[in-house]
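These notes are about the structure you will find just below.
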Amino acid sequence: MTMIVWLTRHLQTLVGTLGDLSRNPFSSILSISVIGIALALPGGMFAALENINKFTAEFEHGAKISLFLSPEVSIIHAKKLQQSLAQHGDIKHIEMITPDQAMEEFKLRSGLKDALNSLADNPLPVVLLAYPEDSVARSPEKLSDLINELGKLEPVELSQFDLEWIKRLTAFMELANRAVWVIAIILGLGVFLVIGNTIRLAIVNRQEEIRIIKLIGGTDSFVRRPFLYSGLLQGLFGGLLALLVIFLLFSFISRPASSLSSMYGISFGLDPLQLLPSLILVSSGALLGWLSARVTVGVYLRQFEPGKSQL
Amino acid sequence: MTMIVWLTRHLQTLVGTLGDLSRNPFSSILSISVIGIALALPGGMFAALENINKFTAEFEHGAKISLFLSPEVSIIHAKKLQQSLAQHGDIKHIEMITPDQAMEEFKLRSGLKDALNSLADNPLPVVLLAYPEDSVARSPEKLSDLINELGKLEPVELSQFDLEWIKRLTAFMELANRAVWVIAIILGLGVFLVIGNTIRLAIVNRQEEIRIIKLIGGTDSFVRRPFLYSGLLQGLFGGLLALLVIFLLFSFISRPASSLSSMYGISFGLDPLQLLPSLILVSSGALLGWLSARVTVGVYLRQFEPGKSQL
Amino acid sequence: MLIEFSNVTKRYPEGHEALRDVSFVIDKGEMVFLTGHSGAGKSTLLRLVTLIEYATRGQVIVNGQNLGRLKRPTLPYYRRQIGMVFQDHKLLHNLSVFDNVALPLIVSGFHPRDLRRRVHAALDKVGLLNRDRAKPITLSGGEQQRVGIARAVVNRPSLLVADEPTGNLDAGLSDEIFDLFHDFNYHGVTVLVATHDLRHIKRLGKRSLTLEDGRMIQQANTA
Amino acid sequence: MLIEFSNVTKRYPEGHEALRDVSFVIDKGEMVFLTGHSGAGKSTLLRLVTLIEYATRGQVIVNGQNLGRLKRPTLPYYRRQIGMVFQDHKLLHNLSVFDNVALPLIVSGFHPRDLRRRVHAALDKVGLLNRDRAKPITLSGGEQQRVGIARAVVNRPSLLVADEPTGNLDAGLSDEIFDLFHDFNYHGVTVLVATHDLRHIKRLGKRSLTLEDGRMIQQANTA
Ligand SMILES: Nc1ncnc2c1ncn2[C@@H]1O[C@H](COP(=O)(O)OP(=O)(O)OP(=O)(O)O)[C@@H](O)[C@H]1O
Ligand SMILES: Nc1ncnc2c1ncn2[C@@H]1O[C@H](COP(=O)(O)OP(=O)(O)OP(=O)(O)O)[C@@H](O)[C@H]1O
Ligand SMILES: [Mg+2]
Ligand SMILES: [Mg+2]
């Protein structure tokens, strides 16, 4: 068989399969919708996880260590310390809050304005706010090392960080991660089953055809080819549909999500899937389709061996 | 046809369909798994939503209004106020924090122990903590009414509530609710499609059989019956499988979830579905199965009318 | 049952005119053969009688009922009066021979008590009583055809319609089957059989209708 | 092709012995008829030659090749040498008549250039050249059988195996088909035909094998 004949055959099968799908629009749309929905969910989960990661990164970005200096430390002295700490490798950025600023904020926050106004002296110390580098903020160990290190500096009376919040975030992320993986695995299995099931029923449906083709000398690969293309195409279209569903889903959810995040003082827009993950989603749909067609056809072709095919 | 004959027929069909399902274990397991997974997700989502509601209820339980009394109000006077407010219909429970207790806590929290120790006088007022009834806590309007009402009491200088937190929670719940509904609708559609697809392929597969039965005088309802039973049974088994999947999923997630909630100081165990929702899940599976079988068979039966059945 | 065709034309959707202006009458209790070359329209004519297809023009009247006006829900009850034997057997391959033959009785709500006896009687008539538990796929071509015949007669129809019932049978068996039809006819059943086998027409001395390219060219008694 | 059965027994899984201790030889280029009552084992014998079934005991040798030892992957290539006509036609109902007949050529990677000519030649031989675009379901029973015959001869097999090829055809057409087979045989093709129609056996004067209940009871020339 020449190359041309071979190519012609494959192209014919491809076009023929496309034709079959479009000749049965009802059933094709059904199968592809099922596959699309089954693929959309792990894809959507993945996108959600990405967004959660981005969201927590925003938080890490805002992570800061408060350094309460001894009351006797002057503002000038504090400024020097600020400048030297700005050179520290683990610190991205450092800010100073004077006792007056601190008292103003404290009054506002505590609602004890009148009571505090009666204080003759401002008892509050100078506070430095150190923003750690992202790499440090992301690791609880490095962070507590930095906090200890800064706490040992001579003018610092207390170095404090809201570690509790980091712990909560970590626990939440662990929960989300687990849930996403469990669901993704279940749904991946679902896609495999759906496509396998569709192909299986297509085969059962075309048993007679397969039997006849084998009787007139068709090889296994000849019989298999249209099913493989059909699995591939269904998976591919299902993947594209999944992409569409994810985009719609995200656009539906993005309003409440951004209003939620604005409450945390973070400007945060939901991203749907990027190009690369989108490609991966679509091509894994196609691959899953091909693979489950291959497995199913393999199982069923054995029925058509001599002595098993009751004619 | 007597009642006995009618009953016998239905029983025979039921048993026959069960037999068909068990004679093709591979294909039955495939279909039922697909349906089970598709049902498990909205079911699981629903259970998750229930748990989130429970979780936020825990928070509402802890919602409290802080009443800062004027500095000149004595503790004895404050105690009287506490007793009278305890009778208020919107207040579940009321606590008092003396200026000394408040100062101790403030010292601990702020890390300004030394600075505050140097204060001669305790400038802090008496604070009453009012826990609103759950029905009030759940409604932002009723809550702000209560806050205003309490703020107008004579000895009260300031009535304060962390409204911000309630807003965040509400926004989060809105987000979660939307996501759950979107996903539940998509998946409900998915179940319908999966079962419809399975039945459709079963019909295509048994076209010849249907045609023959109609030729020898079978009525539409006779032809329909086994498909309806098959849809019903598949939906039912799919629903049971979904229940199992949800239980497994919850037991897998419950450890990290309870460690997360313990960080919020709440003892909170994940509940899988209760009896009633479980029954609803299983029976809606069965109903969906029956319904999509009905629709699909209806569409296909029209093909077997005279002049359309090419024999 | 009385069958009456008046100027019946049947055109298939693909544009082929399979029957052209066919008119004839078959009396109640008559036995009639239908002959003609391959593609002459024999099967098409039988399909009009059994309401598998509607006539494009003209009227088909069976037992006083104009089939073109038959209400959809009554179609199953109309068909239950007819026993049909098909060119390609049309057996259900997932049911046993017994169940295949029992199907017309089950479908019409026959009481299970007498079912067994009736089915066995029908299988006995075609010589397959000992194969009742076999699946049709395990039968030879001729055996399948005989199962189809047993199914057609099991509920004692008042009209028997058969399309080449003996195409796959040897001479001896095919004589037996035609004698069986003859016997039914003797007991009052109207019988209409399409066949190529002119031998039986001669042997039984019944009237025959001959089609050629969709036209009825002969209605004589060729015996 | 030379066909040799030595003490072949075929028992189906259901326990039925369809062939018992059958031995015979068909020479290369010979034309042989296979007869016997319904259920005698004719189709079963043909299934062993075409490797649809394996013999339970004994050897089937075709062209020097012991079929019991044929490797699985070479099975399609073995079958491509054989043209098969089936009792129930076995056409693909979603393909046109043309595509059905072209299938054996497509399957064996025949160059598309000559395909059209070959298919038309085969359809012409069975008198269906004008129906090449029709779907099999729109053909009459006899027309379908002829499509099956065209498909069997389209790739010029060296062995032609036919199972009741004329069960649904009238006498004239059935003579033509047998003459076609005879003509193939004349050009060197080995032909093996199962039939009830003793008329052709007499007419063509070829050897016939007769089965009865799975036993070979006669191998004589009955002409
Ligand atoms: N469903 C259909 N659609 C289109 N044309 C059809 C259909 N069924 C039959 N025909 C055509 O109508 C004509 C008559 O067909 P019919 O089956 O009635 O012939 P027949 O007399 O039964 O032939 P045979 O003896 O070969 O069975 C044929 O030419 C056939 O091709
Ligand atoms: N797949 C099968 N499984 C079990 N038994 C079978 C199978 N195929 C055929 N038989 C039995 O084997 C015997 C021979 O069948 P075969 O089909 O070879 O007969 P035949 O000579 O072709 O008959 P006919 O002329 O009726 O086609 C029959 O009794 C039949 O019931
Ligand atoms: Mg016909
Ligand atoms: Mg046979």
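Note on naming: chains are A, B, ... as they come in the structure tokens, residues start from 1 per chain, ligands start from 1 in the order shown.
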Neighbour list for Val154 (chain C) as JSON, numbers by chain, cut-off 7 Å, only C-alpha atoms, skip fewer than 6 positions in-chain:
{"C": [101, 118, 119, 122]}
Can you work out which residues from chain C touch chain D at a cut-off of 6 Å (counting only C-alpha atoms) and hand them back as an MDAnalysis selection string?
chainID C and resid 38:39 140 142 167:168 170 196
Where does DSSP see alpha helix (DSSP H) in region 134-223 of chain C, if you list the residues as a PyMOL selection string?
chain C and resi 141-153+171-186+198-204
May I have the selected residues written with C-alpha atoms, as a PDB file, in the first residue's frame?
ATOM      1  CA  GLY C 141     -31.779 -20.915   8.372  1.00  0.00           C
ATOM      2  CA  GLY C 142     -34.704 -23.219   7.691  1.00  0.00           C
ATOM      3  CA  GLU C 143     -35.305 -23.847  11.386  1.00  0.00           C
ATOM      4  CA  GLN C 144     -35.505 -20.095  11.994  1.00  0.00           C
ATOM      5  CA  GLN C 145     -38.006 -19.748   9.228  1.00  0.00           C
ATOM      6  CA  ARG C 146     -40.164 -22.424  10.829  1.00  0.00           C
ATOM      7  CA  VAL C 147     -40.025 -20.633  14.198  1.00  0.00           C
ATOM      8  CA  GLY C 148     -41.308 -17.536  12.401  1.00  0.00           C
ATOM      9  CA  ILE C 149     -44.188 -19.590  11.005  1.00  0.00           C
ATOM     10  CA  ALA C 150     -45.038 -21.009  14.423  1.00  0.00           C
ATOM     11  CA  ARG C 151     -45.131 -17.467  15.821  1.00  0.00           C
ATOM     12  CA  ALA C 152     -47.476 -16.349  13.046  1.00  0.00           C
ATOM     13  CA  VAL C 153     -50.056 -19.037  13.759  1.00  0.00           C
ATOM     14  CA  ALA C 171     -38.985 -29.509  -1.081  1.00  0.00           C
ATOM     15  CA  GLY C 172     -40.283 -31.873   1.602  1.00  0.00           C
ATOM     16  CA  LEU C 173     -40.460 -29.330   4.371  1.00  0.00           C
ATOM     17  CA  SER C 174     -41.848 -26.697   2.113  1.00  0.00           C
ATOM     18  CA  ASP C 175     -44.704 -29.018   1.142  1.00  0.00           C
ATOM     19  CA  GLU C 176     -45.456 -29.556   4.812  1.00  0.00           C
ATOM     20  CA  ILE C 177     -45.571 -25.806   5.493  1.00  0.00           C
ATOM     21  CA  PHE C 178     -47.903 -25.168   2.580  1.00  0.00           C
ATOM     22  CA  ASP C 179     -50.106 -28.014   3.725  1.00  0.00           C
ATOM     23  CA  LEU C 180     -50.189 -26.376   7.137  1.00  0.00           C
ATOM     24  CA  PHE C 181     -51.362 -23.101   5.580  1.00  0.00           C
ATOM     25  CA  HIS C 182     -53.910 -25.021   3.580  1.00  0.00           C
ATOM     26  CA  ASP C 183     -55.182 -26.613   6.728  1.00  0.00           C
ATOM     27  CA  PHE C 184     -55.555 -23.219   8.418  1.00  0.00           C
ATOM     28  CA  ASN C 185     -57.422 -22.017   5.394  1.00  0.00           C
ATOM     29  CA  TYR C 186     -59.679 -25.057   5.640  1.00  0.00           C
ATOM     30  CA  LEU C 198     -45.105 -22.124  -8.790  1.00  0.00           C
ATOM     31  CA  ARG C 199     -45.129 -25.813  -7.875  1.00  0.00           C
ATOM     32  CA  HIS C 200     -47.265 -25.194  -4.761  1.00  0.00           C
ATOM     33  CA  ILE C 201     -49.696 -23.032  -6.688  1.00  0.00           C
ATOM     34  CA  LYS C 202     -50.277 -25.871  -9.087  1.00  0.00           C
ATOM     35  CA  ARG C 203     -50.356 -28.494  -6.361  1.00  0.00           C
ATOM     36  CA  LEU C 204     -52.925 -26.741  -4.132  1.00  0.00           C
TER      37      LEU C 204
END
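Checking C:Phe98, C:Phe110, C:Phe86, C:Tyr54 one by one against ligand 3, counting only C-alpha atoms and all ligand atoms, you find the shortest gap at C:Phe86.
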Give as a ChimeraX atom specification every residue of chain D that touches chain A within 7 Å, counting only C-alpha atoms.
/D:51-54,76-77,79-80,90,92,104,107,109
Keeping N, CA and C atoms for every residue in the selection just given, could you write it to a file as a PDB file, in the first residue's frame?
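Final file, selection_25.pdb:
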ATOM      1  N   LEU D  51     -13.690 -20.251   8.056  1.00  0.00           N
ATOM      2  CA  LEU D  51     -13.137 -20.001   9.382  1.00  0.00           C
ATOM      3  C   LEU D  51     -13.998 -19.085  10.236  1.00  0.00           C
ATOM      4  N   ILE D  52     -15.309 -19.209  10.080  1.00  0.00           N
ATOM      5  CA  ILE D  52     -16.193 -18.539  11.033  1.00  0.00           C
ATOM      6  C   ILE D  52     -16.261 -19.389  12.296  1.00  0.00           C
ATOM      7  N   GLU D  53     -16.070 -20.676  12.108  1.00  0.00           N
ATOM      8  CA  GLU D  53     -15.986 -21.603  13.233  1.00  0.00           C
ATOM      9  C   GLU D  53     -14.777 -22.519  13.049  1.00  0.00           C
ATOM     10  N   TYR D  54     -14.242 -23.024  14.173  1.00  0.00           N
ATOM     11  CA  TYR D  54     -13.187 -24.027  14.105  1.00  0.00           C
ATOM     12  C   TYR D  54     -13.811 -25.414  14.208  1.00  0.00           C
ATOM     13  N   PRO D  76      -7.467 -12.313   8.190  1.00  0.00           N
ATOM     14  CA  PRO D  76      -8.080 -11.435   7.179  1.00  0.00           C
ATOM     15  C   PRO D  76      -7.560 -11.718   5.777  1.00  0.00           C
ATOM     16  N   TYR D  77      -6.270 -12.028   5.658  1.00  0.00           N
ATOM     17  CA  TYR D  77      -5.687 -12.251   4.329  1.00  0.00           C
ATOM     18  C   TYR D  77      -6.188 -13.561   3.738  1.00  0.00           C
ATOM     19  N   ARG D  79      -9.188 -14.746   4.351  1.00  0.00           N
ATOM     20  CA  ARG D  79     -10.587 -14.531   3.948  1.00  0.00           C
ATOM     21  C   ARG D  79     -10.695 -13.723   2.658  1.00  0.00           C
ATOM     22  N   ARG D  80      -9.684 -12.884   2.388  1.00  0.00           N
ATOM     23  CA  ARG D  80      -9.759 -12.061   1.177  1.00  0.00           C
ATOM     24  C   ARG D  80      -9.700 -12.893  -0.104  1.00  0.00           C
ATOM     25  N   LYS D  90     -26.330 -10.288   4.680  1.00  0.00           N
ATOM     26  CA  LYS D  90     -25.296  -9.575   5.439  1.00  0.00           C
ATOM     27  C   LYS D  90     -24.772  -8.350   4.702  1.00  0.00           C
ATOM     28  N   LEU D  92     -24.365  -4.058   4.687  1.00  0.00           N
ATOM     29  CA  LEU D  92     -24.289  -2.953   5.648  1.00  0.00           C
ATOM     30  C   LEU D  92     -25.399  -1.959   5.301  1.00  0.00           C
ATOM     31  N   PRO D 104     -15.136  -5.033  -0.100  1.00  0.00           N
ATOM     32  CA  PRO D 104     -13.998  -5.964  -0.098  1.00  0.00           C
ATOM     33  C   PRO D 104     -12.759  -5.348  -0.747  1.00  0.00           C
ATOM     34  N   VAL D 107     -11.371  -2.684   1.780  1.00  0.00           N
ATOM     35  CA  VAL D 107     -10.768  -3.376   2.913  1.00  0.00           C
ATOM     36  C   VAL D 107      -9.369  -3.899   2.573  1.00  0.00           C
ATOM     37  N   GLY D 109      -7.313  -2.562   0.513  1.00  0.00           N
ATOM     38  CA  GLY D 109      -6.409  -1.505   0.054  1.00  0.00           C
ATOM     39  C   GLY D 109      -6.284  -1.401  -1.457  1.00  0.00           C
TER      40      GLY D 109
END
12 Å contact set for Ile65 (chain B), only C-alpha atoms, chain neighbours under 3 positions out, as a ChimeraX atom specification
/B:60,62,68,90-96,127-133,136-137,143-151,158-163
Residue contacts of Val73 (chain A) (12 Å, only C-alpha atoms) excluding same-chain residues fewer than 6 positions away, as a list of chain:residue names:
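Near neighbours after the sequence-gap exclusion: A:Lys79, A:Lys80, A:Leu81, A:Thr98, A:Pro99, A:Leu124, A:Pro125, A:Val126, A:Val127, A:Leu128, A:Glu154, A:Pro155, A:Val156, A:Glu157.
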Minimum-distance residue to chain B, chosen among A:Arg200, A:Arg224, A:Arg302, A:Arg294 (using only C-alpha atoms)
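Under the stated criterion, the closest residue is A:Arg200.
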With only C-alpha atoms as the atoms that count, which of B:Arg225, B:Arg178, B:His77, B:Lys142 lies nearest to chain A?
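The closest residue to chain A is B:Arg178.
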